[in-house]
file protein-v7.txt (compact mmCIF, C-alpha atoms and all ligand atoms)
# COMPACT_ATOMS: atom_id res chain seq x y z
CA MET I 1 -47.87 -46.62 -87.36
CA MET I 2 -44.54 -45.05 -88.27
CA PHE I 3 -45.29 -43.87 -91.81
CA GLN I 4 -48.49 -42.69 -93.39
CA PHE I 5 -48.64 -42.07 -97.11
CA ARG I 6 -50.31 -38.69 -97.52
CA ALA I 7 -49.86 -35.38 -99.29
CA GLY I 8 -46.92 -33.36 -98.00
CA TRP I 9 -44.60 -36.36 -97.48
CA GLY I 10 -43.35 -36.28 -101.06
CA ALA I 11 -39.84 -35.02 -100.25
CA CYS I 12 -39.46 -37.61 -97.49
CA LEU I 13 -40.59 -40.41 -99.75
CA ALA I 14 -38.33 -39.20 -102.55
CA ALA I 15 -35.37 -39.14 -100.18
CA LEU I 16 -36.14 -42.68 -99.10
CA CYS I 17 -36.24 -43.73 -102.72
CA LEU I 18 -32.85 -42.16 -103.36
CA SER I 19 -31.11 -43.90 -100.50
CA PRO I 20 -29.09 -46.98 -101.57
CA MET I 21 -30.63 -49.10 -98.82
CA ALA I 22 -34.10 -48.16 -100.01
CA ALA I 23 -33.03 -49.04 -103.55
CA ARG I 24 -32.00 -52.52 -102.41
CA ALA I 25 -35.05 -52.87 -100.20
CA ALA I 26 -37.28 -52.07 -103.16
CA THR I 27 -35.91 -55.01 -105.16
CA ASP I 28 -36.78 -58.65 -104.92
CA THR I 29 -33.36 -59.84 -106.03
CA LEU I 30 -30.17 -61.17 -104.51
CA LEU I 31 -27.04 -59.14 -105.27
CA ILE I 32 -23.66 -60.88 -105.39
CA ASP I 33 -20.54 -58.74 -105.73
CA SER I 34 -17.35 -60.66 -106.49
CA ILE I 35 -14.89 -58.09 -105.19
CA ASP I 36 -11.53 -58.11 -106.94
CA VAL I 37 -8.87 -58.86 -104.34
CA GLU I 38 -6.28 -60.02 -106.88
CA GLY I 39 -6.52 -63.77 -106.54
CA GLY I 40 -7.86 -63.82 -102.99
CA ALA I 41 -11.52 -64.31 -102.13
CA ALA I 42 -14.08 -61.72 -100.97
CA THR I 43 -17.67 -62.03 -102.13
CA LEU I 44 -20.53 -59.93 -100.83
CA TYR I 45 -24.15 -61.16 -100.83
CA ILE I 46 -27.02 -58.74 -100.15
CA THR I 47 -30.61 -59.91 -99.84
CA PRO I 48 -33.72 -57.91 -100.78
CA GLU I 49 -34.16 -57.18 -97.07
CA GLY I 50 -30.75 -55.49 -96.97
CA GLN I 51 -29.22 -58.37 -95.00
CA SER I 52 -25.58 -58.98 -95.91
CA LEU I 53 -23.08 -61.80 -95.92
CA LEU I 54 -19.40 -61.43 -96.79
CA ILE I 55 -17.61 -64.67 -97.62
CA ASP I 56 -13.87 -64.26 -96.97
CA THR I 57 -11.76 -61.14 -96.64
CA GLY I 58 -8.95 -61.33 -99.20
CA TRP I 59 -5.35 -60.52 -98.21
CA PRO I 60 -3.69 -58.57 -95.37
CA ALA I 61 -2.52 -54.99 -95.96
CA ASN I 62 0.18 -54.66 -98.61
CA VAL I 63 -0.08 -58.29 -99.67
CA GLY I 64 -1.78 -59.56 -102.81
CA ALA I 65 -4.13 -56.63 -103.38
CA LYS I 66 -2.47 -53.23 -102.97
CA ASP I 67 -3.50 -49.65 -103.57
CA PRO I 68 -6.10 -50.09 -102.18
CA ASP I 69 -5.67 -53.10 -99.91
CA SER I 70 -8.26 -55.88 -99.65
CA VAL I 71 -9.94 -54.40 -96.59
CA GLN I 72 -10.37 -51.03 -98.26
CA ARG I 73 -11.83 -52.66 -101.37
CA ILE I 74 -14.30 -54.63 -99.22
CA ILE I 75 -15.43 -51.60 -97.21
CA ALA I 76 -15.77 -49.54 -100.40
CA ALA I 77 -17.95 -52.26 -101.93
CA ALA I 78 -20.13 -52.46 -98.82
CA ARG I 79 -20.63 -48.70 -98.79
CA LYS I 80 -21.30 -48.62 -102.54
CA HIS I 81 -24.22 -50.94 -101.92
CA GLY I 82 -25.50 -48.82 -99.04
CA LEU I 83 -24.33 -51.02 -96.19
CA SER I 84 -23.25 -49.56 -92.88
CA LYS I 85 -22.74 -53.03 -91.37
CA LEU I 86 -22.00 -56.59 -92.47
CA ASP I 87 -24.57 -58.83 -90.80
CA TYR I 88 -22.53 -62.00 -91.35
CA LEU I 89 -18.90 -62.72 -92.13
CA LEU I 90 -18.06 -66.27 -93.18
CA ILE I 91 -14.41 -67.32 -93.21
CA THR I 92 -14.23 -70.48 -95.30
CA HIS I 93 -10.76 -71.46 -94.05
CA TYR I 94 -7.64 -69.89 -92.62
CA HIS I 95 -5.35 -69.43 -95.61
CA VAL I 96 -4.01 -65.92 -95.99
CA ASP I 97 -5.92 -65.12 -99.19
CA HIS I 98 -9.23 -65.70 -97.31
CA ILE I 99 -8.70 -64.68 -93.68
CA GLY I 100 -6.10 -62.08 -94.68
CA SER I 101 -7.91 -58.85 -93.84
CA ALA I 102 -10.32 -60.27 -91.24
CA VAL I 103 -8.59 -58.63 -88.28
CA GLU I 104 -8.46 -55.27 -90.08
CA LEU I 105 -12.07 -55.56 -91.20
CA LEU I 106 -13.35 -56.40 -87.71
CA GLY I 107 -11.51 -53.33 -86.43
CA GLN I 108 -12.65 -50.94 -89.14
CA PHE I 109 -16.25 -51.84 -90.05
CA PRO I 110 -19.23 -53.09 -88.05
CA VAL I 111 -19.64 -56.85 -88.36
CA GLY I 112 -22.40 -58.96 -86.80
CA THR I 113 -21.98 -62.72 -86.58
CA VAL I 114 -18.76 -64.44 -87.67
CA LEU I 115 -18.97 -67.96 -89.07
CA ASP I 116 -16.19 -70.50 -89.66
CA HIS I 117 -15.36 -74.23 -89.55
CA GLY I 118 -13.84 -74.27 -86.06
CA PRO I 119 -10.16 -74.53 -85.09
CA ASN I 120 -7.31 -74.24 -87.57
CA ARG I 121 -6.15 -77.69 -88.71
CA GLU I 122 -2.99 -76.80 -90.63
CA MET I 123 0.33 -77.08 -88.85
CA PRO I 124 3.24 -74.82 -89.86
CA ALA I 125 5.38 -76.12 -92.70
CA PRO I 126 8.77 -77.25 -91.35
CA ASN I 127 11.67 -74.87 -92.04
CA ALA I 128 9.42 -72.16 -93.45
CA PRO I 129 11.27 -68.84 -93.80
CA PRO I 130 10.13 -66.27 -91.19
CA GLY I 131 8.39 -64.04 -93.74
CA PHE I 132 6.38 -66.98 -95.02
CA ALA I 133 5.59 -68.37 -91.56
CA ALA I 134 3.90 -65.13 -90.54
CA PHE I 135 1.19 -65.77 -93.12
CA GLN I 136 0.52 -69.38 -92.22
CA PRO I 137 -2.79 -70.36 -90.62
CA ALA I 138 -1.09 -71.29 -87.34
CA ASN I 139 -0.08 -67.64 -86.94
CA LEU I 140 -3.15 -66.04 -88.47
CA TYR I 141 -5.79 -68.02 -86.58
CA PRO I 142 -4.92 -66.88 -83.01
CA LYS I 143 -4.96 -63.22 -84.11
CA TYR I 144 -8.35 -63.78 -85.75
CA LEU I 145 -9.73 -65.37 -82.56
CA GLU I 146 -8.51 -62.37 -80.60
CA ALA I 147 -10.25 -59.99 -83.01
CA LEU I 148 -13.49 -61.98 -82.69
CA ARG I 149 -13.97 -60.95 -79.06
CA GLY I 150 -17.24 -59.10 -78.69
CA HIS I 151 -18.69 -60.57 -81.86
CA ALA I 152 -21.19 -63.37 -82.11
CA HIS I 153 -19.32 -66.44 -83.39
CA ARG I 154 -20.69 -69.72 -84.73
CA GLU I 155 -18.76 -72.76 -85.84
CA LEU I 156 -20.61 -74.40 -88.70
CA LYS I 157 -20.97 -78.14 -89.14
CA ALA I 158 -21.87 -79.92 -92.36
CA GLY I 159 -25.66 -80.12 -92.47
CA ASP I 160 -26.23 -76.87 -90.54
CA THR I 161 -28.62 -74.32 -91.99
CA LEU I 162 -28.89 -70.56 -91.61
CA ASP I 163 -31.36 -67.97 -92.89
CA ILE I 164 -30.08 -64.53 -93.84
CA GLY I 165 -33.16 -62.60 -94.87
CA SER I 166 -34.71 -64.61 -97.69
CA LEU I 167 -31.39 -66.33 -98.42
CA HIS I 168 -31.29 -69.87 -97.03
CA LEU I 169 -27.84 -71.38 -96.48
CA THR I 170 -27.10 -75.08 -96.18
CA VAL I 171 -23.60 -76.02 -95.10
CA VAL I 172 -22.56 -78.89 -97.37
CA THR I 173 -18.93 -79.14 -96.24
CA SER I 174 -17.07 -78.05 -93.13
CA ASP I 175 -13.85 -79.14 -91.43
CA GLY I 176 -13.40 -81.98 -93.91
CA ALA I 177 -16.88 -83.47 -93.43
CA THR I 178 -19.71 -83.49 -95.96
CA ILE I 179 -23.44 -83.07 -95.43
CA PRO I 180 -24.83 -86.30 -93.93
CA LYS I 181 -27.97 -86.46 -96.10
CA PRO I 182 -28.49 -85.52 -99.76
CA MET I 183 -30.23 -82.20 -100.31
CA SER I 184 -33.64 -82.10 -101.93
CA GLY I 185 -33.25 -82.70 -105.66
CA ALA I 186 -29.88 -84.44 -105.26
CA GLY I 187 -29.08 -88.15 -105.44
CA SER I 188 -28.07 -88.64 -109.06
CA ALA I 189 -25.37 -91.18 -109.87
CA ILE I 190 -22.40 -89.27 -111.31
CA ALA I 191 -20.70 -91.14 -114.15
CA GLU I 192 -17.41 -89.25 -113.75
CA CYS I 193 -16.94 -90.73 -110.27
CA GLY I 194 -15.89 -94.06 -111.76
CA SER I 195 -12.65 -92.71 -113.18
CA MET I 196 -11.97 -90.20 -110.41
CA LYS I 197 -8.62 -91.00 -108.78
CA PRO I 198 -7.61 -89.59 -105.39
CA MET I 199 -5.31 -86.56 -105.61
CA ALA I 200 -2.37 -86.23 -103.24
CA GLU I 201 -1.95 -82.51 -103.79
CA ASP I 202 -4.25 -80.20 -101.82
CA GLY I 203 -2.31 -76.97 -101.35
CA GLY I 204 -2.44 -77.30 -97.57
CA GLU I 205 -4.74 -79.00 -95.09
CA GLU I 206 -6.98 -75.98 -94.56
CA ASN I 207 -8.28 -76.03 -98.13
CA SER I 208 -9.97 -79.37 -97.57
CA ARG I 209 -11.56 -77.97 -94.40
CA SER I 210 -13.35 -75.19 -96.29
CA VAL I 211 -16.89 -74.31 -95.34
CA GLY I 212 -18.91 -74.92 -98.49
CA VAL I 213 -22.45 -73.58 -98.73
CA VAL I 214 -25.38 -73.98 -101.07
CA MET I 215 -27.60 -70.92 -100.95
CA THR I 216 -31.25 -71.16 -101.92
CA PHE I 217 -33.03 -67.97 -102.96
CA GLY I 218 -36.54 -68.74 -104.10
CA ARG I 219 -35.99 -71.32 -106.84
CA ALA I 220 -32.41 -70.16 -107.45
CA ARG I 221 -29.47 -72.15 -106.09
CA VAL I 222 -25.97 -70.76 -105.68
CA ALA I 223 -22.94 -72.80 -104.59
CA ALA I 224 -19.78 -71.43 -102.99
CA LEU I 225 -17.36 -74.06 -101.71
CA GLY I 226 -14.32 -71.96 -100.77
CA ASP I 227 -11.10 -73.73 -101.69
CA LEU I 228 -12.58 -77.21 -101.27
CA THR I 229 -10.29 -79.82 -102.74
CA TRP I 230 -10.70 -82.74 -105.11
CA ASN I 231 -10.90 -85.54 -102.52
CA ILE I 232 -13.65 -83.85 -100.48
CA GLU I 233 -15.49 -83.06 -103.72
CA LYS I 234 -15.48 -86.80 -104.31
CA ALA I 235 -16.97 -87.44 -100.88
CA LEU I 236 -19.64 -84.82 -101.66
CA VAL I 237 -20.80 -86.08 -105.04
CA CYS I 238 -19.64 -89.72 -105.38
CA PRO I 239 -20.97 -92.21 -106.05
CA ARG I 240 -24.25 -90.29 -105.69
CA ASP I 241 -24.42 -86.52 -105.60
CA LYS I 242 -25.53 -84.96 -102.29
CA VAL I 243 -25.97 -81.39 -103.61
CA GLY I 244 -27.94 -81.34 -106.87
CA PRO I 245 -27.83 -78.83 -109.73
CA VAL I 246 -27.15 -75.15 -109.07
CA ASP I 247 -27.80 -72.07 -111.15
CA LEU I 248 -24.67 -70.12 -110.22
CA LEU I 249 -21.33 -71.53 -109.09
CA MET I 250 -18.68 -69.42 -107.47
CA VAL I 251 -15.90 -71.62 -108.82
CA SER I 252 -13.80 -73.26 -106.11
CA HIS I 253 -10.24 -72.41 -105.21
CA HIS I 254 -9.80 -69.58 -107.72
CA GLY I 255 -9.92 -72.23 -110.47
CA ALA I 256 -6.97 -74.29 -109.17
CA HIS I 257 -6.44 -77.71 -110.73
CA PHE I 258 -6.61 -79.69 -107.47
CA SER I 259 -10.22 -78.61 -107.09
CA ASN I 260 -13.02 -78.50 -109.69
CA SER I 261 -13.12 -82.16 -110.63
CA PRO I 262 -15.26 -83.17 -113.62
CA ALA I 263 -17.41 -85.15 -111.16
CA LEU I 264 -18.19 -82.02 -109.13
CA LEU I 265 -18.91 -79.96 -112.24
CA HIS I 266 -21.26 -82.60 -113.60
CA ALA I 267 -23.07 -82.92 -110.28
CA LEU I 268 -23.50 -79.18 -109.77
CA SER I 269 -23.93 -78.46 -113.51
CA PRO I 270 -24.07 -74.67 -113.05
CA ARG I 271 -25.62 -72.50 -115.73
CA VAL I 272 -23.30 -69.59 -114.90
CA ALA I 273 -19.84 -69.79 -113.30
CA ILE I 274 -17.73 -67.00 -111.79
CA VAL I 275 -14.00 -67.57 -111.17
CA ASN I 276 -12.29 -65.37 -108.57
CA ASN I 277 -8.81 -65.92 -109.97
CA GLY I 278 -5.84 -63.55 -110.19
CA ALA I 279 -3.65 -62.87 -113.19
CA LYS I 280 -1.04 -65.28 -111.84
CA LYS I 281 -3.14 -67.27 -109.34
CA GLY I 282 -5.69 -69.96 -110.17
CA GLY I 283 -7.56 -70.06 -113.44
CA GLU I 284 -5.68 -73.23 -114.39
CA ALA I 285 -6.38 -75.02 -117.65
CA PRO I 286 -7.82 -78.31 -116.26
CA SER I 287 -10.28 -76.40 -114.08
CA TYR I 288 -11.28 -74.11 -116.91
CA ASP I 289 -11.95 -77.16 -119.08
CA ALA I 290 -13.98 -78.89 -116.34
CA VAL I 291 -16.12 -75.77 -115.86
CA ALA I 292 -16.45 -74.99 -119.57
CA HIS I 293 -17.51 -78.58 -120.32
CA SER I 294 -20.00 -78.77 -117.47
CA PRO I 295 -23.24 -79.97 -119.06
CA ARG I 296 -25.48 -76.90 -118.60
CA VAL I 297 -22.99 -74.05 -118.48
CA ALA I 298 -24.00 -71.03 -120.55
CA ARG I 299 -21.18 -68.70 -119.54
CA VAL I 300 -17.94 -68.60 -117.57
CA TRP I 301 -16.91 -65.23 -116.13
CA GLN I 302 -13.47 -64.49 -114.67
CA LEU I 303 -12.12 -61.72 -112.46
CA HIS I 304 -8.80 -61.81 -114.32
CA PHE I 305 -7.25 -63.22 -117.47
CA ALA I 306 -5.26 -66.23 -116.21
CA GLU I 307 -1.86 -65.70 -117.83
CA ALA I 308 -0.45 -69.21 -117.45
CA ALA I 309 -3.48 -70.93 -118.97
CA GLY I 310 -3.29 -69.30 -122.40
CA ALA I 311 -6.13 -67.78 -124.41
CA GLU I 312 -7.71 -71.16 -125.22
CA HIS I 313 -8.25 -71.83 -121.50
CA ASN I 314 -9.69 -68.42 -120.64
CA THR I 315 -13.08 -67.01 -121.38
CA THR I 316 -13.19 -64.16 -123.90
CA GLU I 317 -12.33 -60.62 -122.87
CA THR I 318 -15.95 -59.44 -122.73
CA TYR I 319 -16.48 -61.74 -119.75
CA ILE I 320 -13.24 -60.89 -117.91
CA ALA I 321 -13.29 -58.04 -115.39
CA ASN I 322 -9.56 -57.43 -115.56
CA PRO I 323 -8.04 -58.68 -118.83
CA THR I 324 -4.52 -57.24 -118.47
CA ALA I 325 -2.31 -57.26 -115.39
CA ALA I 326 -0.34 -54.30 -116.75
CA ASP I 327 -3.50 -52.17 -116.70
CA ASP I 328 -5.37 -53.75 -113.79
CA LYS I 329 -8.72 -52.02 -113.34
CA GLN I 330 -9.50 -53.70 -109.98
CA ALA I 331 -12.95 -54.33 -111.42
CA SER I 332 -15.53 -56.62 -109.86
CA LEU I 333 -18.23 -58.87 -111.31
CA GLU I 334 -21.74 -58.29 -110.05
CA ALA I 335 -24.53 -60.85 -110.32
CA ILE I 336 -28.22 -60.18 -109.78
CA VAL I 337 -30.30 -63.29 -109.09
CA THR I 338 -34.09 -63.44 -109.12
CA LYS I 339 -36.21 -65.82 -107.06
CA GLU I 340 -37.23 -67.52 -110.30
CA GLY I 341 -33.56 -68.29 -111.01
CA ALA I 342 -32.76 -65.69 -113.67
CA ILE I 343 -29.21 -64.34 -113.45
CA THR I 344 -27.69 -61.14 -114.84
CA VAL I 345 -23.95 -60.63 -114.57
CA THR I 346 -22.32 -57.23 -115.11
CA ASN I 347 -18.66 -56.61 -115.90
CA GLY I 348 -17.58 -53.84 -113.52
CA ARG I 349 -14.93 -52.63 -115.97
CA THR I 350 -17.14 -52.09 -118.98
CA GLY I 351 -20.71 -52.17 -117.70
CA PHE I 352 -21.45 -54.95 -120.19
CA LYS I 353 -24.13 -57.26 -118.83
CA GLU I 354 -25.61 -60.55 -119.95
CA SER I 355 -28.76 -62.24 -118.66
CA TYR I 356 -29.58 -65.93 -118.37
CA PRO I 357 -33.20 -67.01 -118.06
CA PRO I 358 -34.40 -69.31 -115.30
CA ALA I 359 -33.70 -72.99 -115.81
CA PRO I 360 -36.71 -75.00 -117.00
CA ARG I 361 -38.70 -76.42 -114.10
CA ARG I 362 -37.77 -80.00 -113.36
ZN ZN N 401 -7.67 -69.38 -101.77
call {"tool": "encode", "arguments": {"input": "protein-v7.txt", "output": "structure tokens"}}
result
Amino acid sequence: MMFQFRAGWGACLAALCLSPMAARAATDTLLIDSIDVEGGAATLYITPEGQSLLIDTGWPANVGAKDPDSVQRIIAAARKHGLSKLDYLLITHYHVDHIGSAVELLGQFPVGTVLDHGPNREMPAPNAPPGFAAFQPANLYPKYLEALRGHAHRELKAGDTLDIGSLHLTVVTSDGATIPKPMSGAGSAIAECGSMKPMAEDGGEENSRSVGVVMTFGRARVAALGDLTWNIEKALVCPRDKVGPVDLLMVSHHGAHFSNSPALLHALSPRVAIVNNGAKKGGEAPSYDAVAHSPRVARVWQLHFAEAAGAEHNTTETYIANPTAADDKQASLEAIVTKEGAITVTNGRTGFKESYPPAPRR
């Protein structure tokens, strides 16, 4: 037996208690840190067992997030939570605001298994200027594959499952496909499907290929669908929903208007929503309205005040991590989720926190 609890071990036990890993290990909660990467995506999940999952890596150096860059913000967040390794890295798709710092991260911090949707599907835009072309998926994906050498790598298909500690992931979308069978508790007819028209705009083929996951933690359900677009949302929840209600939604596509259909928001009906928008990226008025009018939503949190949407289409300042671009605090939003489904969200700028009780049992 490695440890015996007896007199004389007090200092050792105290030291264990003071270590961040021990602090996480002593909890029975899921920690979710929405790292501010200025309109990119980088969200860290840590289970009670200290197992970790990072979904997306923000931007490359000197793009989007600067001083510090995305990769430095991600590593700082991991270390703040006591991690010396990321057990899993999931790249939802190959746009630069998601895969941006993956190569740097793989070179600078220990990473276990890397997950994605398989090959890049987005061809270069014709006549793109050289500076723009460098950040297109067709250029980023080969460099990412090169950096993956030596790491375990798994391409996820819709319907796949994965356990990370006590966090159970179900892949509900991947590479443009949706989960073949409805999840337990799903199957409701969604009224908003009837008036849902196809949308031509998708912001690039890779968005629609996003890996979307529903994470079950005890009774709690958390959805994170990357930059999944309107038409795939329709395939996922129309005419009958294949996902079911969730407690926490990491709002898709930074709150862009060609995602976040009313049909999706009625199917998922989150109680708490977190938007990883930037001051000038995402957080668009139609998405804000769809989320804010979702039938069970108690609170919408945002990483930034969305300047173009106006005050009436933003949540109030208390619930915004970074309310002014001129004085950007680079603050994150941290959620703690219990296995009963209670959620507490903390504003990293102010320390203000608000708790939401578990949903009534169905
Ligand atoms: Zn994005």
call {"tool": "residues_around", "arguments": {"input": "protein-v7.txt", "residues": "segment 287-304 of chain I", "least_positions_apart": "6", "cutoff": "6 Å", "atoms": "only C-alpha atoms", "output": "list in words"}}
result
Gly255, His257, Asn260, Pro262, Leu265, His266, Ser269, Pro270, Arg271, Val272, Ala273, Ile274, Val275, Asn276, Asn277, Gly278, Ala279, His313, Tyr319, Ile320, Ala321, Asn322 and Pro323 of chain I
call {"tool": "closest_residue", "arguments": {"input": "protein-v7.txt", "among": "I:Ala359, I:Met196, I:Ala177, I:Ala331", "to": "Ser34 of chain I", "atoms": "all atoms listed in the file"}}
result
I:Ala331
call {"tool": "residues_near_ligand", "arguments": {"input": "protein-v7.txt", "ligand": "ligand ZN 401 (chain N)", "cutoff": "12 Å", "atoms": "all atoms listed in the file", "output": "PyMOL selection string"}}
result
chain I and resi 37-42+55-59+64+91-100+202-204+206-210+225-229+251-256+258-259+275-278+281-283
call {"tool": "write_last_selection", "arguments": {"input": "protein-v7.txt", "atoms": "C-alpha atoms", "output": "PDB file, in the frame of the given file"}}
result
ATOM      1  CA  VAL I  37      -8.870 -58.860-104.340  1.00  0.00           C
ATOM      2  CA  GLU I  38      -6.280 -60.020-106.880  1.00  0.00           C
ATOM      3  CA  GLY I  39      -6.520 -63.770-106.540  1.00  0.00           C
ATOM      4  CA  GLY I  40      -7.860 -63.820-102.990  1.00  0.00           C
ATOM      5  CA  ALA I  41     -11.520 -64.310-102.130  1.00  0.00           C
ATOM      6  CA  ALA I  42     -14.080 -61.720-100.970  1.00  0.00           C
ATOM      7  CA  ILE I  55     -17.610 -64.670 -97.620  1.00  0.00           C
ATOM      8  CA  ASP I  56     -13.870 -64.260 -96.970  1.00  0.00           C
ATOM      9  CA  THR I  57     -11.760 -61.140 -96.640  1.00  0.00           C
ATOM     10  CA  GLY I  58      -8.950 -61.330 -99.200  1.00  0.00           C
ATOM     11  CA  TRP I  59      -5.350 -60.520 -98.210  1.00  0.00           C
ATOM     12  CA  GLY I  64      -1.780 -59.560-102.810  1.00  0.00           C
ATOM     13  CA  ILE I  91     -14.410 -67.320 -93.210  1.00  0.00           C
ATOM     14  CA  THR I  92     -14.230 -70.480 -95.300  1.00  0.00           C
ATOM     15  CA  HIS I  93     -10.760 -71.460 -94.050  1.00  0.00           C
ATOM     16  CA  TYR I  94      -7.640 -69.890 -92.620  1.00  0.00           C
ATOM     17  CA  HIS I  95      -5.350 -69.430 -95.610  1.00  0.00           C
ATOM     18  CA  VAL I  96      -4.010 -65.920 -95.990  1.00  0.00           C
ATOM     19  CA  ASP I  97      -5.920 -65.120 -99.190  1.00  0.00           C
ATOM     20  CA  HIS I  98      -9.230 -65.700 -97.310  1.00  0.00           C
ATOM     21  CA  ILE I  99      -8.700 -64.680 -93.680  1.00  0.00           C
ATOM     22  CA  GLY I 100      -6.100 -62.080 -94.680  1.00  0.00           C
ATOM     23  CA  ASP I 202      -4.250 -80.200-101.820  1.00  0.00           C
ATOM     24  CA  GLY I 203      -2.310 -76.970-101.350  1.00  0.00           C
ATOM     25  CA  GLY I 204      -2.440 -77.300 -97.570  1.00  0.00           C
ATOM     26  CA  GLU I 206      -6.980 -75.980 -94.560  1.00  0.00           C
ATOM     27  CA  ASN I 207      -8.280 -76.030 -98.130  1.00  0.00           C
ATOM     28  CA  SER I 208      -9.970 -79.370 -97.570  1.00  0.00           C
ATOM     29  CA  ARG I 209     -11.560 -77.970 -94.400  1.00  0.00           C
ATOM     30  CA  SER I 210     -13.350 -75.190 -96.290  1.00  0.00           C
ATOM     31  CA  LEU I 225     -17.360 -74.060-101.710  1.00  0.00           C
ATOM     32  CA  GLY I 226     -14.320 -71.960-100.770  1.00  0.00           C
ATOM     33  CA  ASP I 227     -11.100 -73.730-101.690  1.00  0.00           C
ATOM     34  CA  LEU I 228     -12.580 -77.210-101.270  1.00  0.00           C
ATOM     35  CA  THR I 229     -10.290 -79.820-102.740  1.00  0.00           C
ATOM     36  CA  VAL I 251     -15.900 -71.620-108.820  1.00  0.00           C
ATOM     37  CA  SER I 252     -13.800 -73.260-106.110  1.00  0.00           C
ATOM     38  CA  HIS I 253     -10.240 -72.410-105.210  1.00  0.00           C
ATOM     39  CA  HIS I 254      -9.800 -69.580-107.720  1.00  0.00           C
ATOM     40  CA  GLY I 255      -9.920 -72.230-110.470  1.00  0.00           C
ATOM     41  CA  ALA I 256      -6.970 -74.290-109.170  1.00  0.00           C
ATOM     42  CA  PHE I 258      -6.610 -79.690-107.470  1.00  0.00           C
ATOM     43  CA  SER I 259     -10.220 -78.610-107.090  1.00  0.00           C
ATOM     44  CA  VAL I 275     -14.000 -67.570-111.170  1.00  0.00           C
ATOM     45  CA  ASN I 276     -12.290 -65.370-108.570  1.00  0.00           C
ATOM     46  CA  ASN I 277      -8.810 -65.920-109.970  1.00  0.00           C
ATOM     47  CA  GLY I 278      -5.840 -63.550-110.190  1.00  0.00           C
ATOM     48  CA  LYS I 281      -3.140 -67.270-109.340  1.00  0.00           C
ATOM     49  CA  GLY I 282      -5.690 -69.960-110.170  1.00  0.00           C
ATOM     50  CA  GLY I 283      -7.560 -70.060-113.440  1.00  0.00           C
TER      51      GLY I 283
END
call {"tool": "atom_distance", "arguments": {"input": "protein-v7.txt", "atom1": "atom CA of Asp33 of chain I", "atom2": "atom CA of Glu122 of chain I"}}
result
29.4 Å
call {"tool": "residues_around", "arguments": {"input": "protein-v7.txt", "residues": "Pro245 of chain I", "least_positions_apart": "4", "cutoff": "8 Å", "atoms": "all atoms listed in the file", "output": "PyMOL selection string"}}
result
chain I and resi 185-186+221+267-270
call {"tool": "residues_around", "arguments": {"input": "protein-v7.txt", "residues": "His153 of chain I", "least_positions_apart": "6", "cutoff": "7 Å", "atoms": "all atoms listed in the file", "output": "list in words"}}
result
Thr113, Val114 and Leu115 of chain I
call {"tool": "atom_distance", "arguments": {"input": "protein-v7.txt", "atom1": "atom CA of Glu334 of chain I", "atom2": "atom CA of Thr346 of chain I"}}
result
5.2 Å
call {"tool": "axis_aligned_box", "arguments": {"input": "protein-v7.txt", "around": "segment 274-283 of chain I", "padding_each_side": "8 Å", "output": "JSON"}}
result
{"center_x": -9.4, "center_y": -66.5, "center_z": -111.0, "size_x": 32.7, "size_y": 23.2, "size_z": 20.9}
call {"tool": "atom_distance", "arguments": {"input": "protein-v7.txt", "atom1": "atom CA of Ala102 of chain I", "atom2": "atom CA of Ser84 of chain I"}}
result
16.9 Å
call {"tool": "residues_near_point", "arguments": {"input": "protein-v7.txt", "point": "(-28.5, -81.7, -100.2)", "cutoff": "6 Å", "atoms": "all atoms listed in the file", "output": "PyMOL selection string"}}
result
chain I and resi 182-184+186+242-243
call {"tool": "residues_near_point", "arguments": {"input": "protein-v7.txt", "point": "(-18.1, -95.3, -111.3)", "cutoff": "12 Å", "atoms": "all atoms listed in the file", "output": "list in words"}}
result
Ala189, Ile190, Ala191, Glu192, Cys193, Gly194, Ser195, Met196, Lys197, Lys234, Val237, Cys238, Pro239, Arg240 and Ala263 of chain I
call {"tool": "closest_residue", "arguments": {"input": "protein-v7.txt", "among": "I:Ala128, I:Ala235, I:Ala152, I:Ile35", "to": "Leu89 of chain I", "atoms": "only C-alpha atoms"}}
result
I:Ala152
